[in-house]
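Source file structure.cif; content: mmCIF, C-alpha atoms and all ligand atoms.
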```cif
data_structure
#
loop_
_atom_site.label_atom_id
_atom_site.label_comp_id
_atom_site.auth_asym_id
_atom_site.auth_seq_id
_atom_site.Cartn_x
_atom_site.Cartn_y
_atom_site.Cartn_z
CA MET A 29 25.78 144.94 80.10
CA ASP A 30 29.27 143.41 79.89
CA SER A 31 28.39 139.87 78.87
CA GLY A 32 29.12 137.02 76.45
CA ALA A 33 25.42 136.10 76.28
CA LEU A 34 23.90 135.55 72.84
CA ILE A 35 21.21 138.13 73.66
CA LYS A 36 23.93 140.74 74.06
CA LYS A 37 25.41 139.78 70.72
CA TYR A 38 22.17 139.89 68.71
CA LEU A 39 19.90 142.44 70.41
CA THR A 40 21.02 145.71 68.84
CA PRO A 41 19.50 149.02 70.03
CA ALA A 42 17.68 149.30 66.68
CA LEU A 43 16.13 145.83 67.06
CA TYR A 44 15.19 146.59 70.67
CA GLU A 45 13.30 149.71 69.51
CA ILE A 46 11.29 147.62 67.07
CA LEU A 47 10.49 144.74 69.43
CA ALA A 48 10.00 146.54 72.77
CA PRO A 49 6.43 147.79 72.07
CA LEU A 50 5.21 144.33 70.93
CA LYS A 51 3.20 141.90 73.06
CA THR A 52 1.99 138.35 72.53
CA LYS A 53 -1.75 137.67 72.96
CA THR A 54 -1.08 136.62 76.56
CA GLY A 55 0.81 139.88 77.23
CA PHE A 56 4.41 138.63 77.14
CA THR A 57 6.97 141.30 76.19
CA LEU A 58 10.61 141.49 75.17
CA ASP A 59 11.45 143.19 78.48
CA ALA A 60 10.05 140.19 80.37
CA ALA A 61 11.89 137.78 78.06
CA ILE A 62 15.31 139.34 78.71
CA GLN A 63 15.00 139.97 82.48
CA SER A 64 17.13 136.95 83.35
CA GLY A 65 19.86 137.96 80.89
CA LEU A 66 19.86 141.56 82.16
CA LYS A 67 20.11 140.52 85.80
CA ASN A 68 22.69 137.79 85.13
CA PRO A 69 25.35 139.13 82.78
CA ASP A 70 27.11 135.74 82.95
CA SER A 71 24.17 134.15 81.09
CA SER A 72 25.10 132.18 78.01
CA ILE A 73 21.80 132.86 76.22
CA GLY A 74 19.84 135.42 78.27
CA ILE A 75 16.30 135.10 76.87
CA TYR A 76 13.22 132.95 77.61
CA ALA A 77 9.92 132.54 75.78
CA GLY A 78 6.71 133.16 77.76
CA ASP A 79 4.39 131.32 75.42
CA CYS A 80 4.28 129.72 71.97
CA GLN A 81 3.61 133.00 70.21
CA SER A 82 6.87 134.48 71.59
CA TYR A 83 8.74 132.44 68.96
CA PHE A 84 6.85 134.24 66.18
CA ILE A 85 6.43 137.78 67.56
CA PHE A 86 10.09 137.94 68.66
CA SER A 87 11.51 135.78 65.86
CA SER A 88 13.92 138.51 64.73
CA ILE A 89 15.84 138.12 67.99
CA LEU A 90 15.13 134.43 68.71
CA ASP A 91 15.97 133.07 65.24
CA PRO A 92 19.61 134.26 65.20
CA ILE A 93 20.08 132.86 68.71
CA ILE A 94 18.56 129.52 67.68
CA HIS A 95 20.67 129.49 64.55
CA ALA A 96 23.86 130.11 66.58
CA TYR A 97 23.13 127.70 69.45
CA HIS A 98 21.91 124.67 67.46
CA ALA A 99 24.43 125.11 64.63
CA VAL A 100 21.62 124.99 62.05
CA GLY A 101 21.29 126.93 58.79
CA GLU A 102 19.16 130.09 58.66
CA ASP A 103 16.39 128.10 56.96
CA PHE A 104 16.34 125.64 59.90
CA LYS A 105 13.53 123.16 60.36
CA HIS A 106 12.60 120.57 63.00
CA GLY A 107 13.85 117.07 62.12
CA PRO A 108 11.93 113.78 62.20
CA ASP A 109 10.53 112.46 65.47
CA LEU A 110 11.94 109.93 67.90
CA THR A 111 12.07 106.27 66.93
CA GLY A 112 13.58 103.26 68.65
CA ASN A 113 17.28 102.53 68.42
CA LYS A 114 19.79 99.70 68.52
CA LEU A 115 23.50 100.25 69.24
CA ASP A 116 26.24 98.32 71.05
CA LEU A 117 27.00 99.13 74.66
CA VAL A 118 29.54 101.96 74.57
CA ASP A 119 31.34 100.91 77.78
CA PRO A 120 30.64 97.16 78.07
CA ASP A 121 32.93 96.60 81.07
CA ASN A 122 31.38 99.52 82.98
CA GLU A 123 34.80 101.12 83.41
CA PHE A 124 33.87 104.76 82.82
CA ILE A 125 30.13 105.41 82.60
CA LEU A 126 28.19 105.61 85.85
CA SER A 127 24.75 106.47 84.51
CA THR A 128 22.79 107.53 81.47
CA ARG A 129 19.92 110.03 81.48
CA ILE A 130 17.80 111.22 78.57
CA ARG A 131 15.18 113.89 78.97
CA VAL A 132 12.85 115.77 76.72
CA ALA A 133 11.03 118.99 77.56
CA ARG A 134 7.37 119.46 76.66
CA ASN A 135 4.80 122.19 77.22
CA LEU A 136 1.04 121.94 76.91
CA LYS A 137 -0.57 123.67 73.96
CA ASP A 138 -2.26 127.00 74.72
CA ILE A 139 -0.89 127.35 78.26
CA CYS A 140 1.77 129.98 79.03
CA PHE A 141 5.27 128.68 79.72
CA PRO A 142 6.58 128.68 83.33
CA CYS A 143 8.09 132.18 83.35
CA HIS A 144 4.72 133.68 82.40
CA ILE A 145 2.19 131.16 83.72
CA SER A 146 -0.52 132.04 86.28
CA ALA A 147 -0.91 130.04 89.50
CA ARG A 148 -4.26 128.80 88.16
CA ASP A 149 -2.79 127.49 84.91
CA ARG A 150 0.11 125.92 86.80
CA ARG A 151 -2.46 123.96 88.80
CA ARG A 152 -4.19 123.01 85.55
CA VAL A 153 -0.91 121.64 84.16
CA GLU A 154 -0.41 119.60 87.32
CA PHE A 155 -3.96 118.26 87.11
CA LEU A 156 -3.68 117.32 83.42
CA VAL A 157 -0.30 115.59 83.84
CA SER A 158 -1.23 113.72 87.02
CA ASP A 159 -4.36 112.50 85.20
CA ALA A 160 -2.41 111.46 82.07
CA VAL A 161 -0.04 109.24 84.07
CA LYS A 162 -2.82 107.15 85.62
CA ASN A 163 -2.58 104.48 82.93
CA MET A 164 1.06 104.31 81.99
CA PRO A 165 2.27 101.21 80.05
CA GLN A 166 3.03 98.20 82.28
CA ASN A 167 6.77 98.80 82.91
CA LEU A 168 6.28 102.50 83.54
CA LYS A 169 3.49 102.37 86.09
CA GLY A 170 4.09 104.52 89.15
CA GLN A 171 2.89 107.39 91.24
CA TYR A 172 2.55 111.17 91.03
CA ILE A 173 4.13 112.83 94.08
CA PRO A 174 3.32 116.53 94.66
CA PHE A 175 6.05 118.64 96.34
CA GLN A 176 3.52 120.69 98.26
CA ASP A 177 3.46 119.47 101.86
CA MET A 178 6.29 116.98 101.21
CA PRO A 179 8.39 116.46 104.39
CA PRO A 180 11.88 117.98 103.92
CA SER A 181 13.55 114.59 104.61
CA GLN A 182 11.65 112.93 101.70
CA MET A 183 12.53 115.84 99.42
CA GLU A 184 16.19 115.60 100.42
CA ASN A 185 16.20 111.89 99.65
CA LEU A 186 14.64 112.40 96.19
CA LEU A 187 17.07 115.22 95.42
CA THR A 188 20.11 113.14 96.39
CA LYS A 189 18.97 110.38 94.03
CA LYS A 190 18.46 112.99 91.24
CA LEU A 191 14.79 112.04 91.05
CA ALA A 192 13.29 115.38 92.12
CA PHE A 193 14.26 118.92 91.15
CA PRO A 194 15.10 121.79 93.50
CA LYS A 195 13.87 125.38 93.22
CA GLY A 196 15.50 126.80 90.07
CA ASP A 197 18.79 128.72 90.02
CA ARG A 198 19.18 132.53 89.78
CA PHE A 199 18.72 132.39 85.99
CA GLN A 200 15.31 130.76 86.36
CA ASP A 201 14.50 132.87 89.40
CA THR A 202 14.96 136.18 87.59
CA ALA A 203 12.99 134.80 84.63
CA GLY A 204 10.01 134.28 86.97
CA ILE A 205 10.05 130.48 86.83
CA ASN A 206 10.38 129.98 90.61
CA ARG A 207 7.21 131.90 91.50
CA ASP A 208 5.09 130.06 94.09
CA PHE A 209 7.58 127.17 94.39
CA PRO A 210 6.85 124.38 95.48
CA ASN A 211 3.12 124.84 94.72
CA SER A 212 1.87 122.73 91.79
CA ARG A 213 5.31 121.18 91.34
CA GLY A 214 5.87 117.47 91.62
CA ILE A 215 7.19 114.32 90.00
CA PHE A 216 5.75 111.21 88.51
CA LEU A 217 8.02 108.30 89.42
CA SER A 218 7.83 104.80 87.94
CA ARG A 219 8.08 101.89 90.40
CA ASP A 220 11.60 101.00 89.25
CA LYS A 221 12.56 104.72 89.46
CA LYS A 222 13.95 104.65 85.92
CA PHE A 223 11.26 106.82 84.37
CA MET A 224 10.03 110.11 85.75
CA ILE A 225 8.29 113.33 84.82
CA TRP A 226 9.16 116.65 86.43
CA VAL A 227 6.06 118.84 86.51
CA ASN A 228 6.28 122.64 86.29
CA GLU A 229 10.06 123.00 86.40
CA GLU A 230 11.59 125.05 83.54
CA ASP A 231 8.96 123.56 81.22
CA HIS A 232 5.53 122.09 82.03
CA LEU A 233 6.99 118.60 81.65
CA ARG A 234 10.52 117.24 81.71
CA ILE A 235 10.15 113.58 80.75
CA ILE A 236 13.16 111.61 81.90
CA SER A 237 14.59 108.11 81.54
CA LEU A 238 17.54 107.40 83.83
CA GLU A 239 19.53 104.36 84.91
CA SER A 240 22.91 103.42 86.36
CA SER A 241 24.33 101.89 83.20
CA CYS A 242 25.84 102.76 79.83
CA ASP A 243 22.84 101.36 77.92
CA ILE A 244 22.04 104.51 75.96
CA CYS A 245 19.60 102.66 73.67
CA GLY A 246 17.74 100.99 76.53
CA VAL A 247 17.33 104.38 78.23
CA PHE A 248 16.22 105.97 74.95
CA ASN A 249 13.71 103.23 74.14
CA ARG A 250 12.14 103.54 77.61
CA LEU A 251 11.82 107.30 77.06
CA CYS A 252 10.13 106.73 73.68
CA LEU A 253 7.65 104.29 75.27
CA GLY A 254 6.61 106.81 77.92
CA LEU A 255 6.54 109.69 75.49
CA ASN A 256 4.35 107.85 73.00
CA HIS A 257 1.83 107.17 75.74
CA LEU A 258 1.83 110.79 76.97
CA GLY A 259 1.52 112.09 73.40
CA LYS A 260 -1.84 110.29 73.16
CA LYS A 261 -3.15 111.85 76.37
CA LEU A 262 -1.78 115.39 76.19
CA GLU A 263 -1.51 117.95 73.41
CA PHE A 264 1.99 119.42 73.31
CA ALA A 265 3.02 122.85 72.02
CA PHE A 266 4.56 122.12 68.61
CA ASP A 267 5.42 123.93 65.43
CA LYS A 268 6.60 122.50 62.11
CA LYS A 269 9.61 124.80 61.93
CA TYR A 270 10.63 125.07 65.60
CA GLY A 271 9.59 121.57 66.72
CA PHE A 272 8.53 121.26 70.36
CA LEU A 273 8.31 124.74 71.84
CA THR A 274 10.08 125.33 75.15
CA SER A 275 10.85 128.09 77.67
CA CYS A 276 14.47 128.35 76.61
CA PRO A 277 15.46 128.56 72.93
CA THR A 278 18.30 126.10 73.61
CA ASN A 279 15.72 123.36 74.08
CA ILE A 280 13.42 123.68 71.07
CA GLY A 281 13.23 121.03 68.33
CA THR A 282 13.50 117.59 69.86
CA ALA A 283 13.91 119.28 73.29
CA MET A 284 16.11 116.32 74.09
CA ARG A 285 19.26 116.15 76.19
CA ALA A 286 20.93 112.75 76.32
CA SER A 287 23.76 112.60 78.82
CA VAL A 288 26.15 110.19 80.45
CA HIS A 289 27.92 110.65 83.74
CA ILE A 290 31.42 109.50 82.92
CA ARG A 291 34.55 109.31 85.08
CA LEU A 292 37.59 110.57 83.15
CA LYS A 293 40.58 110.66 85.45
CA LYS A 294 43.18 111.27 82.75
CA LEU A 295 41.18 113.62 80.55
CA GLU A 296 40.30 115.68 83.61
CA LYS A 297 43.94 116.72 83.49
CA ASN A 298 43.85 117.22 79.72
CA GLN A 299 40.63 119.13 79.25
CA SER A 300 41.70 120.77 76.01
CA LEU A 301 41.78 117.30 74.41
CA LEU A 302 38.41 116.44 75.97
CA ARG A 303 36.92 119.69 74.70
CA SER A 304 38.24 119.23 71.20
CA ILE A 305 36.68 115.75 70.91
CA ALA A 306 33.43 117.04 72.43
CA ASN A 307 33.31 119.91 69.89
CA GLN A 308 33.93 117.54 67.02
CA TYR A 309 30.79 115.57 67.97
CA HIS A 310 28.71 118.65 69.01
CA LEU A 311 28.75 117.51 72.63
CA GLN A 312 28.44 119.74 75.67
CA ILE A 313 30.36 119.23 78.91
CA ARG A 314 28.58 120.01 82.18
CA GLY A 315 29.59 119.53 85.81
CA THR A 316 28.58 116.59 88.01
CA GLY A 317 25.56 118.41 89.48
CA GLY A 318 24.23 119.55 86.09
CA GLU A 319 24.33 122.85 84.27
CA LYS A 320 26.68 125.52 85.64
CA THR A 321 28.14 123.21 88.31
CA SER A 322 31.72 122.00 88.72
CA VAL A 323 33.22 118.59 88.04
CA ASP A 324 33.47 116.45 91.16
CA LYS A 325 35.89 113.48 91.43
CA GLY A 326 36.50 113.49 87.66
CA ILE A 327 32.81 112.83 86.85
CA PHE A 328 31.68 114.78 83.79
CA ASP A 329 28.15 115.15 82.40
CA ILE A 330 28.51 114.86 78.61
CA SER A 331 25.48 115.38 76.38
CA ASN A 332 24.31 116.53 72.95
CA LYS A 333 24.35 120.29 72.52
CA ARG A 334 22.10 120.51 69.44
CA ARG A 335 18.43 119.67 69.78
CA LEU A 336 16.92 121.21 66.62
CA GLY A 337 17.18 120.13 62.98
CA ILE A 338 18.36 116.68 64.01
CA SER A 339 16.33 113.58 64.88
CA GLY A 340 16.34 112.00 68.34
CA THR A 341 17.81 108.88 66.78
CA ARG A 342 20.69 110.83 65.24
CA ILE A 343 21.34 112.57 68.58
CA ILE A 344 21.73 109.17 70.21
CA GLN A 345 24.03 107.90 67.45
CA ASN A 346 26.25 111.02 67.73
CA LEU A 347 26.40 110.74 71.50
CA HIS A 348 27.36 107.08 71.21
CA ALA A 349 30.10 107.83 68.66
CA GLY A 350 31.41 110.82 70.65
CA ILE A 351 31.52 108.90 73.92
CA ALA A 352 33.30 106.00 72.20
CA ALA A 353 35.95 108.49 70.96
CA ILE A 354 36.27 110.03 74.43
CA ILE A 355 36.70 106.60 76.06
CA GLN A 356 39.34 105.71 73.48
CA ALA A 357 41.20 108.97 74.28
CA GLU A 358 40.92 108.30 78.02
CA LYS A 359 42.41 104.82 77.51
CA THR A 360 45.26 105.96 75.31
CA CYS A 361 45.94 109.40 76.81
CA ASN A 362 49.66 109.56 77.56
CA SER A 363 50.05 110.40 81.23
CA THR A 364 53.43 112.09 80.55
CA SER A 365 51.67 114.68 78.41
CA LEU A 366 49.23 115.56 81.23
P1 LIG B 1 18.60 119.33 82.30
O1 LIG B 1 19.12 118.01 81.96
O2 LIG B 1 17.22 119.24 82.83
O3 LIG B 1 18.77 120.29 81.18
P2 LIG B 1 20.66 119.74 84.41
O4 LIG B 1 21.94 119.85 83.67
O5 LIG B 1 20.48 120.68 85.55
O6 LIG B 1 19.41 120.03 83.49
O7 LIG B 1 20.49 118.26 84.94
C1 LIG B 1 19.44 117.91 85.80
C2 LIG B 1 19.88 116.91 86.84
O8 LIG B 1 20.15 115.65 86.24
C3 LIG B 1 21.16 117.30 87.59
O9 LIG B 1 21.00 116.96 88.94
C4 LIG B 1 22.22 116.41 86.95
O10 LIG B 1 23.31 116.13 87.79
C5 LIG B 1 21.41 115.16 86.66
N1 LIG B 1 21.98 114.37 85.57
C6 LIG B 1 22.21 114.77 84.31
N2 LIG B 1 22.74 113.78 83.57
C7 LIG B 1 22.85 112.71 84.39
C8 LIG B 1 23.32 111.38 84.21
N3 LIG B 1 23.77 110.94 83.03
N4 LIG B 1 23.29 110.56 85.29
C9 LIG B 1 22.81 110.99 86.47
N5 LIG B 1 22.34 112.23 86.70
C10 LIG B 1 22.36 113.08 85.67
N1 LIG B 2 19.28 131.23 80.90
C1 LIG B 2 20.52 130.61 81.18
C2 LIG B 2 21.62 131.29 80.38
O1 LIG B 2 21.33 132.04 79.51
C3 LIG B 2 20.51 129.13 80.85
C4 LIG B 2 20.46 128.79 79.39
C5 LIG B 2 20.42 127.32 79.01
N2 LIG B 2 19.96 126.46 80.05
C6 LIG B 2 18.73 126.24 80.42
N3 LIG B 2 18.51 125.49 81.47
N4 LIG B 2 17.72 126.68 79.73
O2 LIG B 2 22.78 131.06 80.66
#
```
Could you spell out this file's structure in structure tokens?
Ligand code: ADP
Ligand code: ARG
Amino acid sequence: MDSGALIKKYLTPALYEILAPLKTKTGFTLDAAIQSGLKNPDSSIGIYAGDCQSYFIFSSILDPIIHAYHAVGEDFKHGPDLTGNKLDLVDPDNEFILSTRIRVARNLKDICFPCHISARDRRRVEFLVSDAVKNMPQNLKGQYIPFQDMPPSQMENLLTKKLAFPKGDRFQDTAGINRDFPNSRGIFLSRDKKFMIWVNEEDHLRIISLESSCDICGVFNRLCLGLNHLGKKLEFAFDKKYGFLTSCPTNIGTAMRASVHIRLKKLEKNQSLLRSIANQYHLQIRGTGGEKTSVDKGIFDISNKRRLGISGTRIIQNLHAGIAAIIQAEKTCNSTSL
């Protein structure tokens, strides 16, 4: 495999020999875990977990990957939980930021993750989540909408507004995550459409707070409100060391990605400067349509890269500081040097 994926870097033939015969209690193997990486040599990571126990049985391959991706020490440990936050608006005149979205991934304890889940357990996840959202706090009340039998025009409308999720990409497909799509998939949507839960996408739940503003704290505090409620109704897969356990090792820990959609007309032409500021603040740059997409009309998706060994509050503070630095560079960027 000619690839820059972390799996390629860390899975030596000797380690493969040791891990290949092992199985988790639910029957997940290393071969299943690396299918997506093998079939997509352009993967950046190349491995998924099939259940909670994968993190322990296959720790000798997952730990170095986690260590490299999250920039944590070898003795890494999950940081403190989410709390509320208060910060100034980062773009008070709404010159650059179009929207802010913060999501966390969660899986239910003792149920296999999406690449290894049975159709029956997928239905169980859908049942448990749709039941848990019946009594959301006042501002977050809404409706669970299953994808099964949804007219294509309604789906199209939800996708355009970034409220629903499509069938996963080739990375998720080869990992087994798309099996039986759209059965047992759906979204919970609050009445104001600023809070939603994606059910049975890459993880059992993707809990999302989204609005067309630069109010990172407001978006974060709404997420915390919803998450606190759900945490009382559902038992999430969690470990003291790894934090919240997720399908992809890039998401463990807080499992949180806080992003802004930001229009950077000047920095689009000076992406080495943009990248150097992003690296300084441990930020990741994605395209306008999300991961592995291109940048459209100068609109970048900028988010935290690290999710483990750092608190949700600290992630928000770093994002705020990094975006402030990027906006400053966009304002002062000398057009003659472009
Ligand atoms: P995830 O956030 O779940 O890891 P993606 O990068 O695929 O995965 O993003 C999911 C969707 O959310 C994409 O359609 C993406 O364009 C959208 N999105 C991400 N950040 C924002 C944002 N700040 N504003 C609006 N939409 C966003
Ligand atoms: N499996 C893909 C890769 O290795 C995606 C990794 C991170 N993204 C994700 N959605 N889990 O490139």
Kindly provide the residues of region 251-288 of chain A that approach region 128-137 of chain A to within 7 Å, each paired with its closest atom pair and their distance in Å to one decimal, based on all atoms listed in the file, listed by chain and increasing number, as a Markdown table.
```
| residue | atom | partner | partner_atom | distance |
| --- | --- | --- | --- | --- |
| A:Glu263 | CA | A:Lys137 | CA | 5.8 |
| A:Phe264 | CA | A:Leu136 | CA | 4.5 |
| A:Ala265 | CA | A:Lys137 | CA | 4.2 |
| A:Phe272 | CA | A:Arg134 | CA | 6.7 |
| A:Leu273 | CA | A:Asn135 | CA | 6.9 |
| A:Thr274 | CA | A:Asn135 | CA | 6.5 |
| A:Ala283 | CA | A:Val132 | CA | 5.0 |
| A:Met284 | CA | A:Val132 | CA | 4.2 |
| A:Arg285 | CA | A:Arg131 | CA | 5.4 |
| A:Ala286 | CA | A:Ile130 | CA | 4.1 |
| A:Ser287 | CA | A:Arg129 | CA | 5.3 |
| A:Val288 | CA | A:Thr128 | CA | 4.4 |
```
Quick one: residues within 8 Å of ligand LIG 2 (chain B), with only C-alpha atoms and all ligand atoms, as a list of chain:residue names?
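Based on only C-alpha atoms and all ligand atoms, ligand LIG 2 (chain B) is surrounded within 8 Å by A:Ala33, A:Leu34, A:Ser64, A:Gly65, A:Asp70, A:Ser71, A:Ser72, A:Ile73, A:Gly74, A:Ile75, A:Tyr76, A:Phe199, A:Gln200, A:Glu230, A:Ser275, A:Cys276, A:Pro277, A:Thr278, A:Asn279, A:Glu319.
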Export C-alpha atoms of the chosen residues as a CSV table (one decimal), in the frame of the given file?
```
chain,number,residue,atom,x,y,z
A,33,ALA,CA,25.4,136.1,76.3
A,34,LEU,CA,23.9,135.6,72.8
A,64,SER,CA,17.1,137.0,83.4
A,65,GLY,CA,19.9,138.0,80.9
A,70,ASP,CA,27.1,135.7,83.0
A,71,SER,CA,24.2,134.2,81.1
A,72,SER,CA,25.1,132.2,78.0
A,73,ILE,CA,21.8,132.9,76.2
A,74,GLY,CA,19.8,135.4,78.3
A,75,ILE,CA,16.3,135.1,76.9
A,76,TYR,CA,13.2,133.0,77.6
A,199,PHE,CA,18.7,132.4,86.0
A,200,GLN,CA,15.3,130.8,86.4
A,230,GLU,CA,11.6,125.0,83.5
A,275,SER,CA,10.8,128.1,77.7
A,276,CYS,CA,14.5,128.4,76.6
A,277,PRO,CA,15.5,128.6,72.9
A,278,THR,CA,18.3,126.1,73.6
A,279,ASN,CA,15.7,123.4,74.1
A,319,GLU,CA,24.3,122.8,84.3
```
Using all atoms listed in the file, determine which residues lie at most 10 Å from Cys361 (chain A), disregarding the query and same-chain residues fewer than 4 positions distant; provide the list as a list in words.
Lys294, Leu295, Asn298, Leu301, Ile354, Ile355, Gln356, Ala357, Ser365 and Leu366 of chain A
Would you save the residues from that selection as a compact mmCIF listing (two decimals), in the coordinates of the input, using C-alpha atoms?
```txt
# COMPACT_ATOMS: atom_id res chain seq x y z
CA LYS A 294 43.18 111.27 82.75
CA LEU A 295 41.18 113.62 80.55
CA ASN A 298 43.85 117.22 79.72
CA LEU A 301 41.78 117.30 74.41
CA ILE A 354 36.27 110.03 74.43
CA ILE A 355 36.70 106.60 76.06
CA GLN A 356 39.34 105.71 73.48
CA ALA A 357 41.20 108.97 74.28
CA SER A 365 51.67 114.68 78.41
CA LEU A 366 49.23 115.56 81.23
```
Ref. answer, residues at most 12 Å from (11.5, 110.8, 93.1) with only C-alpha atoms, as a ChimeraX atom specification
/A:170-175,178,182-194,214-227,236,238
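Nearest residue to Asn68 (chain A), choosing from A:Gly32, A:Gly246, A:Gly271, A:Gly259 and counting all atoms listed in the file: A:Gly32.
Comparing the minimum interatomic distances between ligand LIG 1 (chain B) and each of A:Ser331, A:Gln176, A:Ser31, A:Thr57, counting all atoms listed in the file, we find that A:Ser331 sits nearest.
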Looking at only C-alpha atoms, which of A:Asp201, A:Lys261, A:Val157, A:Ile145 is the one that sits closest to Ile235 (chain A)?
A:Val157
Distance in Å - CA of Leu39 (chain A) versus CA of Ile89 (chain A)
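Rounded to one decimal, the two atoms are 6.4 Å apart.
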Which residues are close to Val100 (chain A), i.e. within 9 Å by only C-alpha atoms, leaving aside same-chain residues fewer than 6 positions away? Reply as a list in words.
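Result of the neighbour search: Ile94, Arg334, Leu336 and Gly337 of chain A.
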note - CA of Cys143 (chain A) and CA of Ala203 (chain A) are separated by 5.7 Å
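Excluding region 114-122 of chain A and any residue on its chain fewer than 5 positions from it, the residues at most 7 Å away by all atoms listed in the file are Cys242, Asp243, Cys245, His348 and Ala352 of chain A.
Relative to CA of Leu58 (chain A), CA of Cys80 (chain A) is found at 13.7 Å.
The smallest atom-to-atom distance between ligand LIG 1 (chain B) and any of A:Ala61, A:Leu156, A:Leu302, A:Leu233, using all atoms listed in the file, is found for A:Leu233.
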As an mmCIF file, keeping the file's coordinate frame, could you write out region 302-307 of chain A once it has been completed with all heavy atoms?
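Final file, out_14.cif:
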```
data_model
loop_
_atom_site.group_PDB
_atom_site.id
_atom_site.type_symbol
_atom_site.label_atom_id
_atom_site.label_comp_id
_atom_site.auth_asym_id
_atom_site.auth_seq_id
_atom_site.Cartn_x
_atom_site.Cartn_y
_atom_site.Cartn_z
ATOM 1 N N LEU A 302 39.812 116.816 75.762
ATOM 2 C CA LEU A 302 38.410 116.440 75.970
ATOM 3 C C LEU A 302 37.486 117.408 75.229
ATOM 4 O O LEU A 302 36.561 116.990 74.524
ATOM 5 C CB LEU A 302 38.103 116.446 77.484
ATOM 6 C CG LEU A 302 36.656 116.170 77.869
ATOM 7 C CD1 LEU A 302 36.204 114.794 77.379
ATOM 8 C CD2 LEU A 302 36.470 116.256 79.391
ATOM 9 N N ARG A 303 37.764 118.705 75.350
ATOM 10 C CA ARG A 303 36.920 119.690 74.700
ATOM 11 C C ARG A 303 36.975 119.593 73.176
ATOM 12 O O ARG A 303 35.969 119.750 72.494
ATOM 13 C CB ARG A 303 37.313 121.114 75.134
ATOM 14 C CG ARG A 303 36.549 121.535 76.335
ATOM 15 C CD ARG A 303 36.967 122.796 77.034
ATOM 16 N NE ARG A 303 36.874 122.536 78.465
ATOM 17 C CZ ARG A 303 35.755 122.323 79.138
ATOM 18 N NH1 ARG A 303 34.589 122.347 78.504
ATOM 19 N NH2 ARG A 303 35.763 122.062 80.424
ATOM 20 N N SER A 304 38.166 119.288 72.669
ATOM 21 C CA SER A 304 38.240 119.230 71.200
ATOM 22 C C SER A 304 37.461 118.020 70.668
ATOM 23 O O SER A 304 36.786 118.120 69.644
ATOM 24 C CB SER A 304 39.690 119.271 70.707
ATOM 25 O OG SER A 304 40.267 118.003 70.807
ATOM 26 N N ILE A 305 37.488 116.900 71.383
ATOM 27 C CA ILE A 305 36.680 115.750 70.910
ATOM 28 C C ILE A 305 35.194 116.082 71.055
ATOM 29 O O ILE A 305 34.392 115.820 70.169
ATOM 30 C CB ILE A 305 37.014 114.451 71.701
ATOM 31 C CG1 ILE A 305 38.511 114.145 71.632
ATOM 32 C CG2 ILE A 305 36.209 113.266 71.151
ATOM 33 C CD1 ILE A 305 38.965 112.993 72.510
ATOM 34 N N ALA A 306 34.840 116.685 72.195
ATOM 35 C CA ALA A 306 33.430 117.040 72.430
ATOM 36 C C ALA A 306 32.926 117.964 71.306
ATOM 37 O O ALA A 306 31.851 117.739 70.740
ATOM 38 C CB ALA A 306 33.267 117.686 73.792
ATOM 39 N N ASN A 307 33.728 118.961 70.946
ATOM 40 C CA ASN A 307 33.310 119.910 69.890
ATOM 41 C C ASN A 307 33.108 119.207 68.556
ATOM 42 O O ASN A 307 32.163 119.493 67.824
ATOM 43 C CB ASN A 307 34.339 121.029 69.715
ATOM 44 C CG ASN A 307 34.278 121.998 70.881
ATOM 45 O OD1 ASN A 307 33.283 122.035 71.599
ATOM 46 N ND2 ASN A 307 35.345 122.762 71.102
#
```
